[in-house]
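Enquirer: To be precise about what I am sending: the file is called query.pdb and holds PDB, C-alpha atoms, pLDDT in the B column.
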```pdb
ATOM      1  CA  MET A  12     149.682  18.687  90.091  1.00 95.00           C
ATOM      2  CA  ALA A  13     151.017  18.797  86.528  1.00 96.00           C
ATOM      3  CA  TRP A  14     147.473  18.791  85.125  1.00 95.00           C
ATOM      4  CA  MET A  15     146.393  21.686  87.360  1.00 97.00           C
ATOM      5  CA  VAL A  16     149.441  23.696  86.299  1.00 98.00           C
ATOM      6  CA  LEU A  17     148.690  22.887  82.659  1.00 97.00           C
ATOM      7  CA  VAL A  18     145.097  24.146  82.980  1.00 96.00           C
ATOM      8  CA  VAL A  19     146.223  27.375  84.659  1.00 98.00           C
ATOM      9  CA  SER A  20     148.840  27.808  81.931  1.00 98.00           C
ATOM     10  CA  GLY A  21     146.135  27.378  79.294  1.00 97.00           C
ATOM     11  CA  VAL A  22     144.029  30.050  80.969  1.00 98.00           C
ATOM     12  CA  LEU A  23     147.084  32.325  81.014  1.00 98.00           C
ATOM     13  CA  GLU A  24     147.357  31.750  77.268  1.00 97.00           C
ATOM     14  CA  THR A  25     143.918  33.340  76.978  1.00 98.00           C
ATOM     15  CA  VAL A  26     145.118  36.253  79.125  1.00 98.00           C
ATOM     16  CA  TRP A  27     148.186  36.934  77.012  1.00 98.00           C
ATOM     17  CA  ALA A  28     146.242  36.624  73.758  1.00 97.00           C
ATOM     18  CA  ALA A  29     143.665  39.138  74.980  1.00 97.00           C
ATOM     19  CA  ALA A  30     146.401  41.462  76.239  1.00 98.00           C
ATOM     20  CA  LEU A  31     148.209  41.196  72.916  1.00 97.00           C
ATOM     21  CA  SER A  32     145.055  42.347  71.153  1.00 94.00           C
ATOM     22  CA  ARG A  33     144.602  45.231  73.565  1.00 95.00           C
ATOM     23  CA  SER A  34     148.260  46.299  73.324  1.00 97.00           C
ATOM     24  CA  GLU A  35     147.630  47.538  69.763  1.00 96.00           C
ATOM     25  CA  GLY A  36     150.957  46.336  68.433  1.00 96.00           C
ATOM     26  CA  PHE A  37     152.737  46.892  71.766  1.00 97.00           C
ATOM     27  CA  SER A  38     151.917  50.610  71.630  1.00 98.00           C
ATOM     28  CA  LYS A  39     150.095  50.522  74.996  1.00 98.00           C
ATOM     29  CA  LEU A  40     152.291  49.867  78.016  1.00 98.00           C
ATOM     30  CA  GLY A  41     149.770  48.260  80.404  1.00 98.00           C
ATOM     31  CA  PRO A  42     148.469  45.547  78.082  1.00 98.00           C
ATOM     32  CA  SER A  43     152.006  44.985  76.776  1.00 98.00           C
ATOM     33  CA  LEU A  44     153.224  44.297  80.318  1.00 98.00           C
ATOM     34  CA  VAL A  45     150.278  41.988  81.021  1.00 98.00           C
ATOM     35  CA  PHE A  46     151.089  40.161  77.779  1.00 98.00           C
ATOM     36  CA  GLY A  47     154.741  39.658  78.757  1.00 98.00           C
ATOM     37  CA  VAL A  48     154.034  38.476  82.300  1.00 98.00           C
ATOM     38  CA  ALA A  49     151.171  36.166  81.291  1.00 98.00           C
ATOM     39  CA  LEU A  50     153.232  34.751  78.420  1.00 98.00           C
ATOM     40  CA  ALA A  51     156.193  34.029  80.695  1.00 98.00           C
ATOM     41  CA  PHE A  52     154.053  32.317  83.333  1.00 98.00           C
ATOM     42  CA  SER A  53     152.054  30.422  80.712  1.00 98.00           C
ATOM     43  CA  MET A  54     155.210  29.061  79.087  1.00 98.00           C
ATOM     44  CA  ALA A  55     156.821  28.267  82.437  1.00 98.00           C
ATOM     45  CA  GLY A  56     153.725  26.357  83.498  1.00 98.00           C
ATOM     46  CA  LEU A  57     153.640  24.455  80.225  1.00 98.00           C
ATOM     47  CA  ALA A  58     157.309  23.569  80.625  1.00 98.00           C
ATOM     48  CA  TYR A  59     156.677  22.369  84.183  1.00 98.00           C
ATOM     49  CA  ALA A  60     153.672  20.267  83.155  1.00 98.00           C
ATOM     50  CA  LEU A  61     155.569  18.660  80.281  1.00 98.00           C
ATOM     51  CA  ARG A  62     157.934  17.083  82.797  1.00 98.00           C
ATOM     52  CA  GLU A  63     155.112  14.611  83.590  1.00 96.00           C
ATOM     53  CA  ILE A  64     152.689  14.880  80.659  1.00 95.00           C
ATOM     54  CA  PRO A  65     153.675  13.755  77.151  1.00 94.00           C
ATOM     55  CA  VAL A  66     154.452  16.733  74.909  1.00 95.00           C
ATOM     56  CA  GLY A  67     151.793  15.939  72.310  1.00 92.00           C
ATOM     57  CA  THR A  68     149.051  15.673  74.914  1.00 93.00           C
ATOM     58  CA  GLY A  69     150.239  18.597  77.023  1.00 95.00           C
ATOM     59  CA  TYR A  70     150.662  20.979  74.123  1.00 95.00           C
ATOM     60  CA  ALA A  71     147.315  20.056  72.576  1.00 94.00           C
ATOM     61  CA  VAL A  72     145.514  20.581  75.894  1.00 94.00           C
ATOM     62  CA  TRP A  73     147.308  23.896  76.500  1.00 96.00           C
ATOM     63  CA  VAL A  74     146.477  25.182  73.012  1.00 96.00           C
ATOM     64  CA  GLY A  75     142.899  23.916  73.264  1.00 95.00           C
ATOM     65  CA  ILE A  76     142.262  25.724  76.535  1.00 95.00           C
ATOM     66  CA  GLY A  77     143.845  28.889  75.183  1.00 97.00           C
ATOM     67  CA  ALA A  78     141.970  28.736  71.889  1.00 96.00           C
ATOM     68  CA  VAL A  79     138.576  28.130  73.466  1.00 97.00           C
ATOM     69  CA  GLY A  80     139.184  30.754  76.151  1.00 97.00           C
ATOM     70  CA  THR A  81     140.317  33.332  73.625  1.00 97.00           C
ATOM     71  CA  ALA A  82     137.371  32.634  71.311  1.00 97.00           C
ATOM     72  CA  LEU A  83     134.918  32.953  74.214  1.00 97.00           C
ATOM     73  CA  TYR A  84     136.606  36.183  75.324  1.00 97.00           C
ATOM     74  CA  GLY A  85     136.206  37.550  71.809  1.00 97.00           C
ATOM     75  CA  MET A  86     132.525  36.663  71.751  1.00 97.00           C
ATOM     76  CA  VAL A  87     131.712  37.938  75.247  1.00 96.00           C
ATOM     77  CA  ALA A  88     133.955  40.980  75.612  1.00 95.00           C
ATOM     78  CA  LEU A  89     134.636  42.080  72.047  1.00 95.00           C
ATOM     79  CA  GLY A  90     131.294  41.419  70.421  1.00 96.00           C
ATOM     80  CA  GLU A  91     132.574  38.845  67.938  1.00 96.00           C
ATOM     81  CA  PRO A  92     129.838  36.761  66.310  1.00 96.00           C
ATOM     82  CA  THR A  93     128.330  34.003  68.451  1.00 96.00           C
ATOM     83  CA  THR A  94     126.754  31.423  66.220  1.00 96.00           C
ATOM     84  CA  ALA A  95     125.605  27.888  66.873  1.00 97.00           C
ATOM     85  CA  LEU A  96     128.286  26.577  64.512  1.00 97.00           C
ATOM     86  CA  ARG A  97     131.076  28.481  66.294  1.00 96.00           C
ATOM     87  CA  LEU A  98     129.880  27.181  69.654  1.00 97.00           C
ATOM     88  CA  LEU A  99     129.643  23.644  68.285  1.00 97.00           C
ATOM     89  CA  CYS A 100     133.240  23.879  67.079  1.00 96.00           C
ATOM     90  CA  LEU A 101     134.358  25.072  70.504  1.00 96.00           C
ATOM     91  CA  VAL A 102     132.512  22.166  72.120  1.00 97.00           C
ATOM     92  CA  ALA A 103     134.391  19.838  69.751  1.00 96.00           C
ATOM     93  CA  ILE A 104     137.705  21.314  70.914  1.00 95.00           C
ATOM     94  CA  VAL A 105     136.713  20.890  74.567  1.00 94.00           C
ATOM     95  CA  GLY A 106     135.704  17.295  73.830  1.00 95.00           C
ATOM     96  CA  GLY A 107     139.092  16.637  72.285  1.00 92.00           C
ATOM     97  CA  VAL A 108     140.911  18.162  75.240  1.00 89.00           C
ATOM     98  CA  VAL A 109     138.883  16.122  77.728  1.00 89.00           C
ATOM     99  CA  GLY A 110     139.470  13.013  75.623  1.00 90.00           C
ATOM    100  CA  LEU A 111     143.229  13.584  75.664  1.00 85.00           C
ATOM    101  CA  LYS A 112     143.139  13.861  79.451  1.00 82.00           C
ATOM    102  CA  PHE A 113     141.322  10.545  79.774  1.00 86.00           C
ATOM    103  CA  VAL A 114     143.554   8.612  77.387  1.00 86.00           C
ATOM    104  CA  HIS A 115     146.712   9.872  79.091  1.00 75.00           C
TER     105      HIS A 115
END
```
Show the structure stored in the file as structure tokens.

Expert:
Amino acid sequence: MAWMVLVVSGVLETVWAAALSRSEGFSKLGPSLVFGVALAFSMAGLAYALREIPVGTGYAVWVGIGAVGTALYGMVALGEPTTALRLLCLVAIVGGVVGLKFVH
């Protein structure tokens, strides 16, 4: 259960990062509210997961999911550059996250 909560929390990190970008410095109410709610749930889920998962592993997995998700969001939704090297780097992050899960 802790691992499922950690994955959902990582996805919520992507949500709050995207909402933060769209809030334009908290000047737009809707994205600012989405940011706050997603951030709170993401942190609460991380805190819950860290009751069973070591902090180094849990935090690295949470950040990895959020970083990859946010980078993919930027490429797909915001038109950020999609290059083979960027994708290779994201695959490396995913590999590290999966590796941490298996050595836990």

Enquirer: Figure out the distance between atom CA of A:Ala30 and atom CA of A:Val45, please, to one decimal in Å.

Expert: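 According to the coordinates, atom CA of A:Val45 and atom CA of A:Ala30 are separated by 6.2 Å.
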
Enquirer: Tell me which residues the PyMOL selection byres ((chain A and resi 18) around 12) grabs here, as a PyMOL selection string.

Expert: chain A and resi 12-17+19-25+53-54+56-57+59-60+69-77+80+108-109+112

Enquirer: Quick one: everything within 7 Å of A:Trp27, counting only C-alpha atoms, minus sequence neighbours fewer than 6 positions away in the same chain. Send it as an NGL selection string.

Expert: :A and (45-46 or 49-50)

Enquirer: Kindly give the distance, in Å, that separates atom CA of A:Pro65 and atom CA of A:Gly110, rounded to a single decimal.

Expert: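 Atom-to-atom, atom CA of A:Pro65 and atom CA of A:Gly110 are spaced 14.3 Å apart.
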
Enquirer: Please provide the set of residues having any atom within 12 Å of stretch 90-100 of chain A, restricted to only C-alpha atoms, with same-chain residues fewer than 6 positions apart removed, written as a ChimeraX atom specification.

Expert: /A:75,78-84,106-107

Enquirer: If you measure from atom CA of A:Glu35 to atom CA of A:Ile104, what distance in Å do you get, rounded to one decimal?

Expert: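 Computed distance, atom CA of A:Glu35 to atom CA of A:Ile104, equals 28.1 Å.
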